[in-house]
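**Q** What follows is a structure written as structure tokens; I'll ask about it next.
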Amino acid sequence: MTMLTAENIMLAAKGPETVEVDVPEWGGPVKVRGFSRAEVKALRKRCTTVTTSGGQRSEDIDTDLLEREMFLEGLVEPKLSRDHWEALQAKAAGGIETVLKAITAASGLTKAEGAEMKSAFPAAEGEVV
């Protein structure tokens with residue numbers, strides 16, 4: 001088998017997708033976009049606080065902020081505001097979960113990476129995932 005060249009890889013590598021996804025919890029489709037690897041890293045960095053105590057470095061991800069930013073940046077159509085996001089917090093979590101899963105898939109994340117992102121978005125109390 002012939003080994004790939006850098007050119008082969010660069011030509012074959014896909015960018016993140018924009019897809020339409022049905023959100024049955026909301027009664028219809030929305031459009032979401034995936035994130036590039038650079039965007040995922042930047043998003044995590046924006047949502048992470050680094051502290052040092054006793055010579056130990058600690059990173060804490062603000063999962064609420066990460067979930068909100070991923071949702072608002074990944075939902076292309078309709079475009080929702082932070083006020084919309086806040087209002088959705090009083091509603092059932094299923095629609096948000098459907099959208100976040102679609103964004104993760106459109107980003108081309110592996111199951112392991114998807115599980116890592118999912119761990120940042122714990123299910124609401126009583127929600128079955």
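Residues in the structure tokens are numbered from 1 in each chain, the chains being A, B, ... in the order shown, and ligands are numbered from 1 in the order shown.
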Extract, using only C-alpha atoms, all DNA, RNA and protein residues at most 12 Å from region 23-36 of chain A, discarding same-chain residues fewer than 3 positions from it, and format them as a ChimeraX atom specification.
**A** /A:13-20,39-44,69-80,88,91-109
**Q** Using only C-alpha atoms for the distances, tell me which of A:Glu86, A:Thr2, A:Ala12, A:Arg46 is nearest to Ile61 (chain A).
**A** A:Arg46
**Q** Taking the backbone alone, and naming residues the way the document does, which bits of region 30-62 of chain A are alpha helix (DSSP H) by DSSP, as a PyMOL selection string?
**A** chain A and resi 37-46
**Q** Store the residues picked out above in a file with all heavy atoms, as a short mmCIF file (atom, residue, chain, number, x, y, z; two decimals), in the first residue's frame.
**A**
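File written: part05.cif
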data_model
loop_
_atom_site.label_atom_id
_atom_site.label_comp_id
_atom_site.auth_asym_id
_atom_site.auth_seq_id
_atom_site.Cartn_x
_atom_site.Cartn_y
_atom_site.Cartn_z
N ARG A 37 -10.82 21.79 14.85
CA ARG A 37 -10.00 21.44 16.01
C ARG A 37 -9.52 22.71 16.72
O ARG A 37 -9.56 22.79 17.95
CB ARG A 37 -8.81 20.58 15.57
CG ARG A 37 -7.90 20.17 16.69
CD ARG A 37 -8.57 19.14 17.56
NE ARG A 37 -7.65 18.77 18.63
CZ ARG A 37 -8.04 18.39 19.82
NH1 ARG A 37 -9.31 18.30 20.11
NH2 ARG A 37 -7.15 18.08 20.73
N ALA A 38 -9.13 23.70 15.95
CA ALA A 38 -8.67 24.97 16.53
C ALA A 38 -9.80 25.66 17.30
O ALA A 38 -9.57 26.22 18.38
CB ALA A 38 -8.12 25.89 15.44
N GLU A 39 -11.02 25.61 16.76
CA GLU A 39 -12.15 26.22 17.45
C GLU A 39 -12.49 25.49 18.75
O GLU A 39 -12.83 26.13 19.76
CB GLU A 39 -13.38 26.26 16.54
CG GLU A 39 -13.27 27.24 15.40
CD GLU A 39 -14.42 27.13 14.41
OE1 GLU A 39 -14.79 25.99 14.04
OE2 GLU A 39 -14.95 28.19 14.03
N VAL A 40 -12.40 24.16 18.74
CA VAL A 40 -12.66 23.38 19.95
C VAL A 40 -11.66 23.76 21.03
O VAL A 40 -12.02 24.00 22.19
CB VAL A 40 -12.60 21.86 19.67
CG1 VAL A 40 -12.59 21.05 20.96
CG2 VAL A 40 -13.78 21.44 18.78
N LYS A 41 -10.38 23.84 20.66
CA LYS A 41 -9.35 24.19 21.62
C LYS A 41 -9.56 25.60 22.17
O LYS A 41 -9.43 25.83 23.38
CB LYS A 41 -7.97 24.05 20.98
CG LYS A 41 -7.57 22.60 20.74
CD LYS A 41 -6.28 22.49 19.96
CE LYS A 41 -5.11 22.81 20.85
NZ LYS A 41 -3.82 22.57 20.17
N ALA A 42 -9.90 26.54 21.29
CA ALA A 42 -10.13 27.92 21.73
C ALA A 42 -11.35 28.01 22.66
O ALA A 42 -11.32 28.75 23.66
CB ALA A 42 -10.31 28.83 20.52
N LEU A 43 -12.39 27.27 22.33
CA LEU A 43 -13.60 27.26 23.15
C LEU A 43 -13.30 26.70 24.54
O LEU A 43 -13.69 27.28 25.56
CB LEU A 43 -14.67 26.42 22.46
CG LEU A 43 -16.06 26.38 23.06
CD1 LEU A 43 -16.68 27.76 23.14
CD2 LEU A 43 -16.96 25.47 22.23
N ARG A 44 -12.59 25.59 24.60
CA ARG A 44 -12.22 25.02 25.89
C ARG A 44 -11.35 25.98 26.69
O ARG A 44 -11.52 26.12 27.90
CB ARG A 44 -11.48 23.69 25.70
CG ARG A 44 -12.37 22.56 25.31
CD ARG A 44 -11.62 21.27 25.25
NE ARG A 44 -12.49 20.18 24.85
CZ ARG A 44 -12.08 19.10 24.24
NH1 ARG A 44 -10.81 18.93 23.96
NH2 ARG A 44 -12.94 18.17 23.90
N LYS A 45 -10.41 26.62 26.01
CA LYS A 45 -9.51 27.56 26.68
C LYS A 45 -10.29 28.72 27.29
O LYS A 45 -10.04 29.13 28.42
CB LYS A 45 -8.44 28.07 25.71
CG LYS A 45 -7.40 28.93 26.36
CD LYS A 45 -6.31 29.32 25.39
CE LYS A 45 -5.24 30.13 26.10
NZ LYS A 45 -4.13 30.45 25.20
N ARG A 46 -11.25 29.26 26.51
CA ARG A 46 -12.08 30.38 27.00
C ARG A 46 -12.89 29.99 28.23
O ARG A 46 -13.23 30.85 29.04
CB ARG A 46 -13.06 30.81 25.91
CG ARG A 46 -12.61 31.97 25.10
CD ARG A 46 -13.68 32.61 24.23
NE ARG A 46 -14.96 32.00 24.06
CZ ARG A 46 -15.39 31.42 22.94
NH1 ARG A 46 -14.60 31.37 21.89
NH2 ARG A 46 -16.60 30.92 22.85
#
**Q** Which residue gives the smallest distance to Arg68 (chain A) among A:Thr49, A:Arg82, A:Gly55, A:Met3, with only C-alpha atoms counted?
**A**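 Under the stated criterion, the closest residue is A:Arg82.
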**Q** Could you write out, as a PDB file with N, CA, C and O atoms, in the first residue's frame, all the residues of chain A that DSSP marks as strand (DSSP E)?
**A**
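out_6.pdb, freshly written:
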ATOM      1  N   THR A  18     -21.804  21.753   8.206  1.00  0.00           N
ATOM      2  CA  THR A  18     -23.034  22.435   8.601  1.00  0.00           C
ATOM      3  C   THR A  18     -24.162  21.508   8.177  1.00  0.00           C
ATOM      4  O   THR A  18     -24.218  21.085   7.026  1.00  0.00           O
ATOM      5  N   VAL A  19     -25.020  21.157   9.122  1.00  0.00           N
ATOM      6  CA  VAL A  19     -26.071  20.180   8.844  1.00  0.00           C
ATOM      7  C   VAL A  19     -27.408  20.640   9.423  1.00  0.00           C
ATOM      8  O   VAL A  19     -27.459  21.418  10.370  1.00  0.00           O
ATOM      9  N   GLU A  20     -28.457  20.130   8.806  1.00  0.00           N
ATOM     10  CA  GLU A  20     -29.799  20.345   9.332  1.00  0.00           C
ATOM     11  C   GLU A  20     -30.130  19.144  10.210  1.00  0.00           C
ATOM     12  O   GLU A  20     -29.882  18.007   9.831  1.00  0.00           O
ATOM     13  N   VAL A  21     -30.664  19.405  11.383  1.00  0.00           N
ATOM     14  CA  VAL A  21     -30.996  18.322  12.309  1.00  0.00           C
ATOM     15  C   VAL A  21     -32.413  18.525  12.828  1.00  0.00           C
ATOM     16  O   VAL A  21     -32.818  19.644  13.140  1.00  0.00           O
ATOM     17  N   ASP A  22     -33.160  17.435  12.854  1.00  0.00           N
ATOM     18  CA  ASP A  22     -34.514  17.482  13.381  1.00  0.00           C
ATOM     19  C   ASP A  22     -34.446  17.487  14.902  1.00  0.00           C
ATOM     20  O   ASP A  22     -33.716  16.693  15.502  1.00  0.00           O
ATOM     21  N   VAL A  23     -35.174  18.404  15.503  1.00  0.00           N
ATOM     22  CA  VAL A  23     -35.254  18.479  16.965  1.00  0.00           C
ATOM     23  C   VAL A  23     -36.712  18.199  17.329  1.00  0.00           C
ATOM     24  O   VAL A  23     -37.526  19.108  17.413  1.00  0.00           O
ATOM     25  N   GLY A  28     -39.359  20.528  14.951  1.00  0.00           N
ATOM     26  CA  GLY A  28     -38.852  20.802  13.612  1.00  0.00           C
ATOM     27  C   GLY A  28     -37.337  20.859  13.557  1.00  0.00           C
ATOM     28  O   GLY A  28     -36.650  20.612  14.549  1.00  0.00           O
ATOM     29  N   PRO A  29     -36.823  21.218  12.369  1.00  0.00           N
ATOM     30  CA  PRO A  29     -35.373  21.218  12.165  1.00  0.00           C
ATOM     31  C   PRO A  29     -34.710  22.554  12.513  1.00  0.00           C
ATOM     32  O   PRO A  29     -35.349  23.607  12.516  1.00  0.00           O
ATOM     33  N   VAL A  30     -33.424  22.455  12.822  1.00  0.00           N
ATOM     34  CA  VAL A  30     -32.545  23.613  12.973  1.00  0.00           C
ATOM     35  C   VAL A  30     -31.276  23.309  12.183  1.00  0.00           C
ATOM     36  O   VAL A  30     -31.044  22.169  11.781  1.00  0.00           O
ATOM     37  N   LYS A  31     -30.461  24.314  11.978  1.00  0.00           N
ATOM     38  CA  LYS A  31     -29.183  24.124  11.290  1.00  0.00           C
ATOM     39  C   LYS A  31     -28.060  24.360  12.296  1.00  0.00           C
ATOM     40  O   LYS A  31     -28.064  25.354  13.015  1.00  0.00           O
ATOM     41  N   VAL A  32     -27.120  23.401  12.340  1.00  0.00           N
ATOM     42  CA  VAL A  32     -25.975  23.526  13.234  1.00  0.00           C
ATOM     43  C   VAL A  32     -24.687  23.389  12.435  1.00  0.00           C
ATOM     44  O   VAL A  32     -24.676  22.847  11.333  1.00  0.00           O
ATOM     45  N   ARG A  33     -23.623  23.887  13.020  1.00  0.00           N
ATOM     46  CA  ARG A  33     -22.307  23.741  12.404  1.00  0.00           C
ATOM     47  C   ARG A  33     -21.368  23.082  13.393  1.00  0.00           C
ATOM     48  O   ARG A  33     -21.528  23.196  14.605  1.00  0.00           O
ATOM     49  N   THR A  48     -11.999  27.703  30.544  1.00  0.00           N
ATOM     50  CA  THR A  48     -11.157  27.057  31.551  1.00  0.00           C
ATOM     51  C   THR A  48     -10.449  28.094  32.404  1.00  0.00           C
ATOM     52  O   THR A  48      -9.903  29.067  31.888  1.00  0.00           O
ATOM     53  N   THR A  49     -10.471  27.865  33.712  1.00  0.00           N
ATOM     54  CA  THR A  49      -9.742  28.697  34.661  1.00  0.00           C
ATOM     55  C   THR A  49      -8.545  27.895  35.144  1.00  0.00           C
ATOM     56  O   THR A  49      -8.696  26.742  35.574  1.00  0.00           O
ATOM     57  N   VAL A  50      -7.370  28.503  35.061  1.00  0.00           N
ATOM     58  CA  VAL A  50      -6.144  27.850  35.509  1.00  0.00           C
ATOM     59  C   VAL A  50      -5.726  28.489  36.830  1.00  0.00           C
ATOM     60  O   VAL A  50      -5.647  29.711  36.940  1.00  0.00           O
ATOM     61  N   THR A  51      -5.485  27.640  37.825  1.00  0.00           N
ATOM     62  CA  THR A  51      -5.027  28.123  39.119  1.00  0.00           C
ATOM     63  C   THR A  51      -3.784  27.341  39.531  1.00  0.00           C
ATOM     64  O   THR A  51      -3.590  26.201  39.111  1.00  0.00           O
ATOM     65  N   THR A  52      -2.966  27.984  40.334  1.00  0.00           N
ATOM     66  CA  THR A  52      -1.781  27.331  40.881  1.00  0.00           C
ATOM     67  C   THR A  52      -1.818  27.496  42.393  1.00  0.00           C
ATOM     68  O   THR A  52      -1.982  28.601  42.893  1.00  0.00           O
ATOM     69  N   SER A  53      -1.686  26.379  43.086  1.00  0.00           N
ATOM     70  CA  SER A  53      -1.691  26.399  44.544  1.00  0.00           C
ATOM     71  C   SER A  53      -0.671  25.393  45.040  1.00  0.00           C
ATOM     72  O   SER A  53      -0.730  24.212  44.671  1.00  0.00           O
ATOM     73  N   GLN A  56       1.117  23.320  42.497  1.00  0.00           N
ATOM     74  CA  GLN A  56       0.299  22.443  41.658  1.00  0.00           C
ATOM     75  C   GLN A  56      -0.585  23.285  40.745  1.00  0.00           C
ATOM     76  O   GLN A  56      -1.279  24.188  41.207  1.00  0.00           O
ATOM     77  N   ARG A  57      -0.543  22.966  39.471  1.00  0.00           N
ATOM     78  CA  ARG A  57      -1.369  23.653  38.476  1.00  0.00           C
ATOM     79  C   ARG A  57      -2.673  22.890  38.313  1.00  0.00           C
ATOM     80  O   ARG A  57      -2.677  21.666  38.208  1.00  0.00           O
ATOM     81  N   SER A  58      -3.790  23.629  38.315  1.00  0.00           N
ATOM     82  CA  SER A  58      -5.103  23.009  38.180  1.00  0.00           C
ATOM     83  C   SER A  58      -5.900  23.736  37.108  1.00  0.00           C
ATOM     84  O   SER A  58      -5.849  24.966  37.018  1.00  0.00           O
ATOM     85  N   GLU A  59      -6.607  22.968  36.295  1.00  0.00           N
ATOM     86  CA  GLU A  59      -7.478  23.535  35.271  1.00  0.00           C
ATOM     87  C   GLU A  59      -8.906  23.113  35.568  1.00  0.00           C
ATOM     88  O   GLU A  59      -9.182  21.931  35.737  1.00  0.00           O
ATOM     89  N   ASP A  60      -9.785  24.088  35.649  1.00  0.00           N
ATOM     90  CA  ASP A  60     -11.197  23.821  35.897  1.00  0.00           C
ATOM     91  C   ASP A  60     -12.024  24.357  34.744  1.00  0.00           C
ATOM     92  O   ASP A  60     -11.977  25.553  34.450  1.00  0.00           O
ATOM     93  N   ILE A  61     -12.788  23.448  34.105  1.00  0.00           N
ATOM     94  CA  ILE A  61     -13.663  23.856  33.007  1.00  0.00           C
ATOM     95  C   ILE A  61     -15.004  24.281  33.580  1.00  0.00           C
ATOM     96  O   ILE A  61     -15.609  23.551  34.360  1.00  0.00           O
ATOM     97  N   LEU A  75     -25.231  26.662  16.892  1.00  0.00           N
ATOM     98  CA  LEU A  75     -26.575  26.769  16.310  1.00  0.00           C
ATOM     99  C   LEU A  75     -26.567  27.912  15.297  1.00  0.00           C
ATOM    100  O   LEU A  75     -26.436  29.064  15.651  1.00  0.00           O
ATOM    101  N   VAL A  76     -26.697  27.557  14.035  1.00  0.00           N
ATOM    102  CA  VAL A  76     -26.596  28.522  12.943  1.00  0.00           C
ATOM    103  C   VAL A  76     -27.944  29.157  12.616  1.00  0.00           C
ATOM    104  O   VAL A  76     -28.045  30.355  12.391  1.00  0.00           O
ATOM    105  N   GLU A  77     -28.977  28.305  12.585  1.00  0.00           N
ATOM    106  CA  GLU A  77     -30.300  28.794  12.196  1.00  0.00           C
ATOM    107  C   GLU A  77     -31.379  28.038  12.953  1.00  0.00           C
ATOM    108  O   GLU A  77     -31.408  26.802  12.883  1.00  0.00           O
TER     109      GLU A  77
END
